[in-house]
Amino acid sequence: MTGKAIAAGAGLCLVLAAGAAVARDLPKTDITVIGNLGITTQSRQIEAPFWTKELPEASGGAISVNFKPWNELGLKGPEVFRILSRGQALIATAQLGHHAGDAPINDGTDLAGLSPDMATFRKVSEAFRPALNDALNKKFGIEILTMQSFQSQILYCRSEIKGLADLKGKRIRTSGASQGDFVSYFGGSPVDMAFGEVQQALAQGTIDCAITGTLGGYSAKWNEGARYLYTLPINYGAGVTAANIGGWKKLPDSVQTFITTELAKANERMWQLNMDEDAMGIACNTTGPCPLGEPAGMTRVDPGPEDEALRRKALVEAVLPKWAARCGADCVADWNATVGKVVDMQIK
């Protein structure tokens, strides 16, 4: 073995020993965590293993986690922040759009039509995080630990769709107020419906289209009712993992630091998974290849430059003004000073 190899090996041993020492120093801690939608690959591959196996093992058994995704608790999504606020869980992951009715600022990072790609969306999320965190502190008594999303949120439709103009007259399942504003701008009728009810509604024709992530719709078998996949990203299903402030502050500093450090690593994997699954979801829904099962055989419809321009027009003329009216002057000022600079846009 060379001197360099010996030195490298010794360095690795020191790092591992330091990590083990940190884990040994942690006090015994039991926490309750509410996870995100459990049917998603994001939850199955990253979130659930992190809380139930990786974090406890990394802590040397000091940290025990009682973990359940919100849908497995019989919840529909919008209840999560209120449960967290009451201290019925220490940490929870929730979709921000589900909570825009309680606090419109929750839509600020992921307004329909705002980010043309995931790289822009992540910059927007990071820019708005301080303002959003301050609002969640005051409204719910919760603290943001990480921010994340799902894949691009796109349209699944029963009948042929060639572009945004074809939304006119259609009943479309939306998630969050800004998606509703976006759909309404094109003459569609937004329908508020829990994720678990969409597959049957599409199959029965109760709704004409629905919006969700590229892979989420495949996993939920939306293709059994929807045959056309319109790939224009509308938004990204923004979410946060947050902690109840009171409960969080009661944890020893060493435990707080350990959890946030490990959670940040898992969060980076989640962002990468989202980017990988964007293309995978479209392939799985259409002609493949699909590593998760048989391709669904939906007809893929890609947007042209005219629809990308229409997306921005809907944002400027409908989504931003209506969100600003719901959120208020202080909210708009925070957005202009942060997100507005990222996307080179100001709400007047």
# chains A, B, ... in the order shown; residues from 1 in each chain; ligands from 1
$ select_by_dssp --residues "stretch 170-205 of chain A" --states "alpha helix (DSSP H)" --output "PyMOL selection string"
chain A and resi 177-185+195-204
$ write_last_selection --atoms "all heavy atoms" --output "compact mmCIF listing (two decimals), in the first residue's frame"
# COMPACT_ATOMS: atom_id res chain seq x y z
N ALA A 177 -54.49 27.06 -4.81
CA ALA A 177 -55.22 28.16 -5.41
C ALA A 177 -54.61 28.64 -6.71
O ALA A 177 -55.32 29.01 -7.66
CB ALA A 177 -55.31 29.32 -4.42
N SER A 178 -53.27 28.65 -6.81
CA SER A 178 -52.66 29.20 -8.02
C SER A 178 -52.89 28.31 -9.23
O SER A 178 -53.05 28.79 -10.35
CB SER A 178 -51.17 29.47 -7.81
OG SER A 178 -50.38 28.33 -7.94
N GLN A 179 -52.92 26.99 -9.03
CA GLN A 179 -53.29 26.10 -10.14
C GLN A 179 -54.71 26.39 -10.59
O GLN A 179 -55.02 26.37 -11.78
CB GLN A 179 -53.15 24.64 -9.73
CG GLN A 179 -51.75 24.09 -9.78
CD GLN A 179 -51.70 22.58 -9.60
OE1 GLN A 179 -52.75 21.90 -9.55
NE2 GLN A 179 -50.51 22.03 -9.49
N GLY A 180 -55.59 26.65 -9.62
CA GLY A 180 -56.97 27.00 -9.96
C GLY A 180 -57.04 28.28 -10.77
O GLY A 180 -57.80 28.38 -11.74
N ASP A 181 -56.27 29.30 -10.38
CA ASP A 181 -56.24 30.56 -11.13
C ASP A 181 -55.72 30.34 -12.55
O ASP A 181 -56.22 30.94 -13.50
CB ASP A 181 -55.34 31.57 -10.42
CG ASP A 181 -55.88 31.99 -9.06
OD1 ASP A 181 -57.12 31.88 -8.85
OD2 ASP A 181 -55.08 32.43 -8.21
N PHE A 182 -54.72 29.48 -12.68
CA PHE A 182 -54.12 29.18 -13.98
C PHE A 182 -55.14 28.52 -14.91
O PHE A 182 -55.32 28.92 -16.05
CB PHE A 182 -52.91 28.28 -13.77
CG PHE A 182 -52.09 28.01 -15.00
CD1 PHE A 182 -51.07 28.86 -15.36
CD2 PHE A 182 -52.31 26.88 -15.77
CE1 PHE A 182 -50.28 28.61 -16.48
CE2 PHE A 182 -51.55 26.62 -16.89
CZ PHE A 182 -50.53 27.48 -17.26
N VAL A 183 -55.80 27.50 -14.39
CA VAL A 183 -56.79 26.77 -15.18
C VAL A 183 -57.96 27.67 -15.57
O VAL A 183 -58.44 27.66 -16.71
CB VAL A 183 -57.28 25.53 -14.39
CG1 VAL A 183 -58.57 24.98 -14.96
CG2 VAL A 183 -56.18 24.46 -14.38
N SER A 184 -58.42 28.48 -14.62
CA SER A 184 -59.55 29.38 -14.88
C SER A 184 -59.22 30.39 -15.97
O SER A 184 -60.09 30.78 -16.76
CB SER A 184 -59.94 30.12 -13.60
OG SER A 184 -60.42 29.22 -12.63
N TYR A 185 -57.97 30.83 -16.04
CA TYR A 185 -57.56 31.80 -17.05
C TYR A 185 -57.82 31.29 -18.46
O TYR A 185 -58.15 32.05 -19.36
CB TYR A 185 -56.06 32.11 -16.88
CG TYR A 185 -55.53 33.11 -17.87
CD1 TYR A 185 -55.71 34.48 -17.69
CD2 TYR A 185 -54.82 32.68 -18.99
CE1 TYR A 185 -55.22 35.40 -18.60
CE2 TYR A 185 -54.32 33.59 -19.91
CZ TYR A 185 -54.52 34.95 -19.71
OH TYR A 185 -54.03 35.86 -20.63
N PHE A 195 -55.97 13.56 -3.71
CA PHE A 195 -55.17 12.78 -4.66
C PHE A 195 -55.72 11.37 -4.84
O PHE A 195 -55.82 10.87 -5.95
CB PHE A 195 -53.71 12.72 -4.17
CG PHE A 195 -52.78 12.03 -5.13
CD1 PHE A 195 -52.13 12.75 -6.11
CD2 PHE A 195 -52.54 10.66 -5.02
CE1 PHE A 195 -51.25 12.11 -6.99
CE2 PHE A 195 -51.68 10.02 -5.89
CZ PHE A 195 -51.03 10.75 -6.88
N GLY A 196 -56.08 10.73 -3.74
CA GLY A 196 -56.54 9.35 -3.79
C GLY A 196 -57.86 9.15 -4.52
O GLY A 196 -58.22 8.02 -4.85
N GLU A 197 -58.60 10.22 -4.78
CA GLU A 197 -59.89 10.12 -5.45
C GLU A 197 -59.80 10.37 -6.96
O GLU A 197 -60.76 10.14 -7.69
CB GLU A 197 -60.87 11.14 -4.84
CG GLU A 197 -61.13 10.93 -3.35
CD GLU A 197 -61.91 12.07 -2.71
OE1 GLU A 197 -62.31 12.99 -3.45
OE2 GLU A 197 -62.10 12.05 -1.48
N VAL A 198 -58.63 10.81 -7.42
CA VAL A 198 -58.52 11.27 -8.81
C VAL A 198 -58.60 10.13 -9.81
O VAL A 198 -59.26 10.24 -10.84
CB VAL A 198 -57.21 12.06 -8.99
CG1 VAL A 198 -57.01 12.43 -10.46
CG2 VAL A 198 -57.23 13.32 -8.14
N GLN A 199 -57.93 9.02 -9.52
CA GLN A 199 -57.90 7.93 -10.49
C GLN A 199 -59.30 7.47 -10.87
O GLN A 199 -59.64 7.31 -12.05
CB GLN A 199 -57.09 6.76 -9.92
CG GLN A 199 -56.76 5.66 -10.92
CD GLN A 199 -57.83 4.58 -10.98
OE1 GLN A 199 -58.68 4.48 -10.08
NE2 GLN A 199 -57.82 3.79 -12.02
N GLN A 200 -60.17 7.30 -9.88
CA GLN A 200 -61.54 6.86 -10.15
C GLN A 200 -62.33 7.95 -10.87
O GLN A 200 -63.12 7.67 -11.78
CB GLN A 200 -62.24 6.49 -8.84
CG GLN A 200 -63.63 5.91 -9.05
CD GLN A 200 -64.25 5.45 -7.74
OE1 GLN A 200 -63.76 5.72 -6.67
NE2 GLN A 200 -65.38 4.75 -7.84
N ALA A 201 -62.11 9.22 -10.48
CA ALA A 201 -62.82 10.32 -11.12
C ALA A 201 -62.46 10.43 -12.60
O ALA A 201 -63.32 10.71 -13.44
CB ALA A 201 -62.52 11.63 -10.40
N LEU A 202 -61.19 10.22 -12.93
CA LEU A 202 -60.79 10.22 -14.34
C LEU A 202 -61.40 9.04 -15.08
O LEU A 202 -61.91 9.18 -16.20
CB LEU A 202 -59.25 10.16 -14.44
CG LEU A 202 -58.48 11.46 -14.19
CD1 LEU A 202 -56.99 11.17 -14.06
CD2 LEU A 202 -58.73 12.48 -15.30
N ALA A 203 -61.36 7.87 -14.46
CA ALA A 203 -61.89 6.67 -15.10
C ALA A 203 -63.40 6.78 -15.37
O ALA A 203 -63.90 6.33 -16.40
CB ALA A 203 -61.60 5.44 -14.24
N GLN A 204 -64.11 7.43 -14.45
CA GLN A 204 -65.56 7.55 -14.58
C GLN A 204 -65.99 8.79 -15.36
O GLN A 204 -67.18 8.95 -15.66
CB GLN A 204 -66.20 7.59 -13.18
CG GLN A 204 -66.04 6.28 -12.42
CD GLN A 204 -66.64 6.34 -11.01
OE1 GLN A 204 -66.93 7.42 -10.49
NE2 GLN A 204 -66.80 5.18 -10.40
$ closest_atom_pairs --of "stretch 57-86 of chain A" --to "stretch 96-107 of chain A" --cutoff "12 Å" --atoms "only C-alpha atoms" --output "Markdown table"
| residue | atom | partner | partner_atom | distance |
| --- | --- | --- | --- | --- |
| A:Leu75 | CA | A:His98 | CA | 11.7 |
| A:Lys76 | CA | A:His98 | CA | 9.0 |
| A:Gly77 | CA | A:His98 | CA | 6.2 |
| A:Pro78 | CA | A:His98 | CA | 4.8 |
| A:Glu79 | CA | A:His99 | CA | 8.1 |
| A:Val80 | CA | A:His99 | CA | 8.5 |
| A:Phe81 | CA | A:His99 | CA | 7.5 |
| A:Arg82 | CA | A:His99 | CA | 9.4 |
$ write_last_selection --atoms "all heavy atoms" --output "mmCIF file, in the first residue's frame"
data_model
loop_
_atom_site.group_PDB
_atom_site.id
_atom_site.type_symbol
_atom_site.label_atom_id
_atom_site.label_comp_id
_atom_site.auth_asym_id
_atom_site.auth_seq_id
_atom_site.Cartn_x
_atom_site.Cartn_y
_atom_site.Cartn_z
ATOM 1 N N LEU A 75 -55.257 11.004 6.483
ATOM 2 C CA LEU A 75 -55.330 12.439 6.214
ATOM 3 C C LEU A 75 -55.368 12.689 4.704
ATOM 4 O O LEU A 75 -54.969 11.840 3.907
ATOM 5 C CB LEU A 75 -54.125 13.161 6.824
ATOM 6 C CG LEU A 75 -53.895 12.936 8.326
ATOM 7 C CD1 LEU A 75 -52.615 13.623 8.782
ATOM 8 C CD2 LEU A 75 -55.086 13.444 9.126
ATOM 9 N N LYS A 76 -55.827 13.874 4.325
ATOM 10 C CA LYS A 76 -55.890 14.239 2.916
ATOM 11 C C LYS A 76 -54.800 15.236 2.520
ATOM 12 O O LYS A 76 -54.651 15.549 1.344
ATOM 13 C CB LYS A 76 -57.272 14.810 2.590
ATOM 14 C CG LYS A 76 -58.384 13.781 2.736
ATOM 15 C CD LYS A 76 -59.726 14.331 2.304
ATOM 16 C CE LYS A 76 -60.805 13.249 2.383
ATOM 17 N NZ LYS A 76 -62.141 13.752 1.941
ATOM 18 N N GLY A 77 -54.059 15.758 3.491
ATOM 19 C CA GLY A 77 -52.957 16.664 3.207
ATOM 20 C C GLY A 77 -53.057 18.012 3.886
ATOM 21 O O GLY A 77 -52.124 18.436 4.588
ATOM 22 N N PRO A 78 -54.170 18.738 3.711
ATOM 23 C CA PRO A 78 -54.268 20.085 4.277
ATOM 24 C C PRO A 78 -54.295 20.145 5.802
ATOM 25 O O PRO A 78 -54.200 21.224 6.370
ATOM 26 C CB PRO A 78 -55.594 20.607 3.690
ATOM 27 C CG PRO A 78 -55.789 19.837 2.434
ATOM 28 C CD PRO A 78 -55.262 18.468 2.748
ATOM 29 N N GLU A 79 -54.410 18.996 6.465
ATOM 30 C CA GLU A 79 -54.462 18.998 7.933
ATOM 31 C C GLU A 79 -53.071 19.006 8.583
ATOM 32 O O GLU A 79 -52.940 19.221 9.786
ATOM 33 C CB GLU A 79 -55.199 17.747 8.447
ATOM 34 C CG GLU A 79 -56.489 17.406 7.717
ATOM 35 C CD GLU A 79 -56.259 16.405 6.599
ATOM 36 O OE1 GLU A 79 -55.169 16.423 5.986
ATOM 37 O OE2 GLU A 79 -57.179 15.613 6.349
ATOM 38 N N VAL A 80 -52.025 18.746 7.793
ATOM 39 C CA VAL A 80 -50.714 18.447 8.365
ATOM 40 C C VAL A 80 -50.148 19.591 9.201
ATOM 41 O O VAL A 80 -49.669 19.383 10.325
ATOM 42 C CB VAL A 80 -49.720 18.028 7.266
ATOM 43 C CG1 VAL A 80 -48.321 17.832 7.851
ATOM 44 C CG2 VAL A 80 -50.184 16.742 6.592
ATOM 45 N N PHE A 81 -50.193 20.818 8.687
ATOM 46 C CA PHE A 81 -49.634 21.942 9.444
ATOM 47 C C PHE A 81 -50.379 22.166 10.762
ATOM 48 O O PHE A 81 -49.773 22.508 11.775
ATOM 49 C CB PHE A 81 -49.668 23.231 8.620
ATOM 50 C CG PHE A 81 -48.528 23.365 7.642
ATOM 51 C CD1 PHE A 81 -48.467 24.451 6.787
ATOM 52 C CD2 PHE A 81 -47.512 22.428 7.583
ATOM 53 C CE1 PHE A 81 -47.421 24.592 5.880
ATOM 54 C CE2 PHE A 81 -46.466 22.561 6.678
ATOM 55 C CZ PHE A 81 -46.422 23.648 5.823
ATOM 56 N N ARG A 82 -51.692 21.975 10.740
ATOM 57 C CA ARG A 82 -52.466 22.183 11.972
ATOM 58 C C ARG A 82 -52.102 21.118 13.011
ATOM 59 O O ARG A 82 -52.008 21.412 14.208
ATOM 60 C CB ARG A 82 -53.964 22.161 11.662
ATOM 61 C CG ARG A 82 -54.426 23.361 10.830
ATOM 62 C CD ARG A 82 -55.938 23.456 10.754
ATOM 63 N NE ARG A 82 -56.533 22.432 9.916
ATOM 64 C CZ ARG A 82 -56.697 22.541 8.601
ATOM 65 N NH1 ARG A 82 -56.276 23.630 7.970
ATOM 66 N NH2 ARG A 82 -57.263 21.572 7.907
#
$ residues_around --residues "stretch 40-44 of chain A" --least-positions-apart "5" --cutoff "8 Å" --atoms "only C-alpha atoms" --output "list of chain:residue names"
A:Gly35, A:Pro49, A:Phe150, A:Gly216, A:Ser219, A:Met270, A:Leu273, A:Asn274
$ select_by_dssp --residues "stretch 225-307 of chain A" --states "strand (DSSP E)" --output "list in words"
Tyr228, Leu229, Tyr230, Thr231, Leu232, Pro233, Ile234, Asn235, Gly239, Val240, Thr241, Ala242, Ala243, Asn244, Thr299, Arg300 and Val301 of chain A
$ residues_around --residues "A:Ala210" --least-positions-apart "3" --cutoff "6 Å" --atoms "only C-alpha atoms" --output "number ranges by chain"
A: 155-156, 172-173
$ residues_around --residues "stretch 245-261 of chain A" --least-positions-apart "6" --cutoff "9 Å" --atoms "only C-alpha atoms" --output "ChimeraX atom specification"
/A:22-23,25-27,29,55,59,63,85,87,89-91,137,141-143,145-146
$ write_last_selection --atoms "N, CA, C and O atoms" --output "PDB file, in the first residue's frame"
ATOM      1  N   VAL A  22     -19.838  11.126  17.791  1.00  0.00           N
ATOM      2  CA  VAL A  22     -21.005  12.013  17.867  1.00  0.00           C
ATOM      3  C   VAL A  22     -22.246  11.210  18.198  1.00  0.00           C
ATOM      4  O   VAL A  22     -23.059  11.583  19.050  1.00  0.00           O
ATOM      5  N   ALA A  23     -22.422  10.059  17.509  1.00  0.00           N
ATOM      6  CA  ALA A  23     -23.597   9.223  17.744  1.00  0.00           C
ATOM      7  C   ALA A  23     -23.641   8.721  19.182  1.00  0.00           C
ATOM      8  O   ALA A  23     -24.693   8.692  19.809  1.00  0.00           O
ATOM      9  N   ASP A  25     -22.543  10.162  21.767  1.00  0.00           N
ATOM     10  CA  ASP A  25     -22.825  11.259  22.679  1.00  0.00           C
ATOM     11  C   ASP A  25     -24.287  11.694  22.679  1.00  0.00           C
ATOM     12  O   ASP A  25     -24.712  12.484  23.517  1.00  0.00           O
ATOM     13  N   LEU A  26     -25.064  11.200  21.740  1.00  0.00           N
ATOM     14  CA  LEU A  26     -26.452  11.627  21.643  1.00  0.00           C
ATOM     15  C   LEU A  26     -27.288  10.981  22.749  1.00  0.00           C
ATOM     16  O   LEU A  26     -27.182   9.775  22.985  1.00  0.00           O
ATOM     17  N   PRO A  27     -28.159  11.752  23.389  1.00  0.00           N
ATOM     18  CA  PRO A  27     -29.061  11.166  24.384  1.00  0.00           C
ATOM     19  C   PRO A  27     -30.184  10.391  23.708  1.00  0.00           C
ATOM     20  O   PRO A  27     -30.507  10.630  22.539  1.00  0.00           O
ATOM     21  N   THR A  29     -33.573   9.620  22.366  1.00  0.00           N
ATOM     22  CA  THR A  29     -34.600  10.560  21.918  1.00  0.00           C
ATOM     23  C   THR A  29     -35.633   9.824  21.083  1.00  0.00           C
ATOM     24  O   THR A  29     -35.275   9.108  20.141  1.00  0.00           O
ATOM     25  N   LEU A  55     -31.519   7.201   9.853  1.00  0.00           N
ATOM     26  CA  LEU A  55     -31.272   8.113  10.970  1.00  0.00           C
ATOM     27  C   LEU A  55     -31.052   7.356  12.280  1.00  0.00           C
ATOM     28  O   LEU A  55     -30.079   7.643  12.997  1.00  0.00           O
ATOM     29  N   SER A  59     -27.414   7.330  14.274  1.00  0.00           N
ATOM     30  CA  SER A  59     -27.336   7.845  15.651  1.00  0.00           C
ATOM     31  C   SER A  59     -26.842   6.786  16.632  1.00  0.00           C
ATOM     32  O   SER A  59     -26.790   7.034  17.840  1.00  0.00           O
ATOM     33  N   ILE A  63     -31.577   7.640  18.531  1.00  0.00           N
ATOM     34  CA  ILE A  63     -32.818   8.275  18.083  1.00  0.00           C
ATOM     35  C   ILE A  63     -33.772   7.206  17.549  1.00  0.00           C
ATOM     36  O   ILE A  63     -33.413   6.420  16.677  1.00  0.00           O
ATOM     37  N   SER A  85     -48.744  22.062  14.296  1.00  0.00           N
ATOM     38  CA  SER A  85     -48.878  23.247  15.147  1.00  0.00           C
ATOM     39  C   SER A  85     -49.327  22.865  16.558  1.00  0.00           C
ATOM     40  O   SER A  85     -48.885  23.466  17.541  1.00  0.00           O
ATOM     41  N   GLY A  87     -48.582  20.201  18.076  1.00  0.00           N
ATOM     42  CA  GLY A  87     -47.574  19.375  18.726  1.00  0.00           C
ATOM     43  C   GLY A  87     -47.898  17.897  18.727  1.00  0.00           C
ATOM     44  O   GLY A  87     -47.300  17.128  19.496  1.00  0.00           O
ATOM     45  N   ALA A  89     -47.171  15.930  16.389  1.00  0.00           N
ATOM     46  CA  ALA A  89     -45.973  15.336  15.798  1.00  0.00           C
ATOM     47  C   ALA A  89     -44.861  16.359  15.961  1.00  0.00           C
ATOM     48  O   ALA A  89     -45.125  17.567  16.047  1.00  0.00           O
ATOM     49  N   LEU A  90     -43.633  15.890  16.025  1.00  0.00           N
ATOM     50  CA  LEU A  90     -42.516  16.827  16.145  1.00  0.00           C
ATOM     51  C   LEU A  90     -42.121  17.369  14.780  1.00  0.00           C
ATOM     52  O   LEU A  90     -41.831  18.562  14.627  1.00  0.00           O
ATOM     53  N   ILE A  91     -42.121  16.494  13.758  1.00  0.00           N
ATOM     54  CA  ILE A  91     -41.675  16.852  12.409  1.00  0.00           C
ATOM     55  C   ILE A  91     -42.685  16.319  11.408  1.00  0.00           C
ATOM     56  O   ILE A  91     -43.271  15.250  11.608  1.00  0.00           O
ATOM     57  N   ASN A 137     -43.529  30.479  11.182  1.00  0.00           N
ATOM     58  CA  ASN A 137     -43.279  30.658  12.622  1.00  0.00           C
ATOM     59  C   ASN A 137     -44.473  31.325  13.281  1.00  0.00           C
ATOM     60  O   ASN A 137     -44.978  30.879  14.324  1.00  0.00           O
ATOM     61  N   GLY A 141     -46.423  28.260  14.304  1.00  0.00           N
ATOM     62  CA  GLY A 141     -45.451  27.855  15.309  1.00  0.00           C
ATOM     63  C   GLY A 141     -44.569  26.716  14.831  1.00  0.00           C
ATOM     64  O   GLY A 141     -44.216  25.822  15.604  1.00  0.00           O
ATOM     65  N   ILE A 142     -44.216  26.744  13.540  1.00  0.00           N
ATOM     66  CA  ILE A 142     -43.367  25.687  12.986  1.00  0.00           C
ATOM     67  C   ILE A 142     -42.154  26.292  12.288  1.00  0.00           C
ATOM     68  O   ILE A 142     -42.173  27.441  11.860  1.00  0.00           O
ATOM     69  N   GLU A 143     -41.101  25.497  12.192  1.00  0.00           N
ATOM     70  CA  GLU A 143     -39.812  25.928  11.651  1.00  0.00           C
ATOM     71  C   GLU A 143     -39.430  25.047  10.474  1.00  0.00           C
ATOM     72  O   GLU A 143     -39.462  23.813  10.561  1.00  0.00           O
ATOM     73  N   LEU A 145     -37.209  22.954   8.127  1.00  0.00           N
ATOM     74  CA  LEU A 145     -35.933  22.229   8.191  1.00  0.00           C
ATOM     75  C   LEU A 145     -35.341  22.024   6.803  1.00  0.00           C
ATOM     76  O   LEU A 145     -34.135  22.164   6.609  1.00  0.00           O
ATOM     77  N   THR A 146     -36.184  21.670   5.838  1.00  0.00           N
ATOM     78  CA  THR A 146     -35.744  21.535   4.441  1.00  0.00           C
ATOM     79  C   THR A 146     -36.899  21.933   3.528  1.00  0.00           C
ATOM     80  O   THR A 146     -38.065  21.937   3.939  1.00  0.00           O
TER      81      THR A 146
END
$ closest_residue --among "A:Ala279, A:Leu315, A:Leu263, A:Met147" --to "A:Thr214" --atoms "only C-alpha atoms"
A:Ala279
$ closest_residue --among "A:Val301, A:Leu292, A:Leu37, A:Ala337" --to "A:Met280" --atoms "only C-alpha atoms"
A:Leu292
$ residues_around --residues "A:Asn336" --least-positions-apart "4" --cutoff "9 Å" --atoms "only C-alpha atoms" --output "PyMOL selection string"
chain A and resi 331-332+340-341+345-347
$ write_last_selection --atoms "C-alpha atoms" --output "mmCIF file, in the first residue's frame"
data_model
loop_
_atom_site.group_PDB
_atom_site.id
_atom_site.type_symbol
_atom_site.label_atom_id
_atom_site.label_comp_id
_atom_site.auth_asym_id
_atom_site.auth_seq_id
_atom_site.Cartn_x
_atom_site.Cartn_y
_atom_site.Cartn_z
ATOM 1 C CA CYS A 331 -46.200 39.440 1.351
ATOM 2 C CA VAL A 332 -45.822 41.023 -2.093
ATOM 3 C CA GLY A 340 -38.865 38.701 -8.118
ATOM 4 C CA LYS A 341 -35.118 39.203 -8.448
ATOM 5 C CA MET A 345 -40.301 40.121 -12.423
ATOM 6 C CA GLN A 346 -42.125 42.428 -10.012
ATOM 7 C CA ILE A 347 -45.727 42.357 -8.815
#
$ atom_distance --atom1 "atom CA of A:Leu164" --atom2 "atom CA of A:Val319"
14.9 Å
$ residues_around --residues "A:Asp302" --least-positions-apart "6" --cutoff "8 Å" --atoms "only C-alpha atoms" --output "ChimeraX atom specification"
/A:230-232
$ closest_residue --among "A:Gly205, A:Lys138, A:Ala314, A:Phe50" --to "A:Ala264" --atoms "only C-alpha atoms"
A:Phe50
